[in-house]
Amino acid sequence: IHQVYELWFKQLLHELDHVRALLDVNDAHRAQHTLKRVLTILKVLVAVIVGFGAGLWVVQRFQFVSLLKEPIAPYLSGGRLTVLSPTEPVMIVLKLSFLLGLVLASPFLLYQIWGFVAPGLYAHEKKFALPLVIGSTLLFIAGIAFAYFFVFNTVFKFIAEFAPASITPAPDIEQYLSFVMTMFLAFGITFEVPVVVILLVKFGVVSIEKLREAR
């Protein structure tokens, strides 16, 4: 997490130095454009910090770790995950809060990206882009829901039945949550395939006839 914030601060300082250099050579137009980028970076940074705070509240208030544990809980000894470090529970909460904060802040982040992209688009492209962003977001969420409600139960049930009776499952919480997040990302991206196909057809990379032949 701290590496992400460090990267943002470095970029912010770099842009401010760029603005100062442009003002020194009286290039007000480029300085103004660069200053807009600086303000955007600040807005994004503030949005991520606010999102992190909101994510921390949600994780604590709604027992988010327990919700993520539910799919594997029936197959655990005592229904509990293990920890290998005294600080691991705290780090898990912070990581989940950061990731959830990014999700909560994503509408604002996408709006900031849209502010940069929109001026370079034609009117018909703007009408096409907004539904595409909304659709891709909903599909990504659908992929996560599919993994949580259907895939996890099947996978953990198979593992529990396949494992020898002499083995007692006691996975580490960090490894388990890393697996969960990887699966969420994989299925979220997989559900984006329709969006990718639409873009490929829209930009002429493939034709509808080719897609029909490939079925």
# chains A, B, ... in the order shown; residues from 1 in each chain; ligands from 1
>>> residues_around(residues="segment 68-85 of chain A", least_positions_apart="2", cutoff="12 Å", atoms="only C-alpha atoms", output="number ranges by chain")
A: 59, 62-66, 87-93, 96, 144-145, 147-163, 167-181, 184
>>> select_by_dssp(residues="segment 15-203 of chain A", states="helix (DSSP H, G or I)", output="ChimeraX atom specification")
/A:15-24,28-61,64-69,73-75,77-79,88-120,123-162,173-190,193-202
>>> residues_around(residues="Lys210 of chain A", least_positions_apart="5", cutoff="12 Å", atoms="only C-alpha atoms", output="PyMOL selection string")
chain A and resi 197+200-201+204-205+215
>>> write_last_selection(atoms="N, CA, C and O atoms", output="PDB file, in the first residue's frame")
ATOM      1  N   VAL A 197     -14.668  -8.224 -27.059  1.00  0.00           N
ATOM      2  CA  VAL A 197     -15.163  -8.579 -28.391  1.00  0.00           C
ATOM      3  C   VAL A 197     -15.825  -7.378 -29.059  1.00  0.00           C
ATOM      4  O   VAL A 197     -15.607  -7.105 -30.245  1.00  0.00           O
ATOM      5  N   LEU A 200     -13.122  -5.037 -30.246  1.00  0.00           N
ATOM      6  CA  LEU A 200     -12.419  -5.567 -31.410  1.00  0.00           C
ATOM      7  C   LEU A 200     -13.243  -5.382 -32.680  1.00  0.00           C
ATOM      8  O   LEU A 200     -12.705  -5.036 -33.738  1.00  0.00           O
ATOM      9  N   VAL A 201     -14.546  -5.604 -32.564  1.00  0.00           N
ATOM     10  CA  VAL A 201     -15.431  -5.412 -33.718  1.00  0.00           C
ATOM     11  C   VAL A 201     -15.560  -3.927 -34.045  1.00  0.00           C
ATOM     12  O   VAL A 201     -15.517  -3.524 -35.213  1.00  0.00           O
ATOM     13  N   GLY A 204     -12.574  -2.660 -35.853  1.00  0.00           N
ATOM     14  CA  GLY A 204     -12.267  -3.365 -37.091  1.00  0.00           C
ATOM     15  C   GLY A 204     -11.163  -4.392 -37.003  1.00  0.00           C
ATOM     16  O   GLY A 204     -10.626  -4.824 -38.032  1.00  0.00           O
ATOM     17  N   VAL A 205     -10.794  -4.799 -35.800  1.00  0.00           N
ATOM     18  CA  VAL A 205      -9.739  -5.811 -35.647  1.00  0.00           C
ATOM     19  C   VAL A 205     -10.245  -7.174 -36.122  1.00  0.00           C
ATOM     20  O   VAL A 205      -9.529  -7.934 -36.772  1.00  0.00           O
ATOM     21  N   ARG A 215     -17.164 -19.855 -34.008  1.00  0.00           N
ATOM     22  CA  ARG A 215     -18.037 -20.473 -33.007  1.00  0.00           C
ATOM     23  C   ARG A 215     -17.987 -21.993 -33.069  1.00  0.00           C
ATOM     24  O   ARG A 215     -17.851 -22.567 -34.119  1.00  0.00           O
TER      25      ARG A 215
END
>>> closest_residue(among="A:Val38, A:Leu104, A:Leu139, A:Val44", to="Trp57 of chain A", atoms="only C-alpha atoms")
A:Leu104
>>> residues_around(residues="Val117 of chain A", least_positions_apart="4", cutoff="10 Å", atoms="only C-alpha atoms", output="list of chain:residue names")
A:Tyr111, A:Gln112, A:Ile113, A:Leu121, A:Lys126, A:Ala129
>>> closest_residue(among="A:Ser136, A:Ser166, A:Thr182, A:Thr40", to="Val196 of chain A", atoms="only C-alpha atoms")
A:Ser136
>>> atom_distance(atom1="atom CA of Ala105 of chain A", atom2="atom CA of Ile49 of chain A")
9.1 Å
>>> closest_residue(among="A:Pro131, A:Ala165, A:Phe203, A:Gly143", to="Phe187 of chain A", atoms="only C-alpha atoms")
A:Gly143
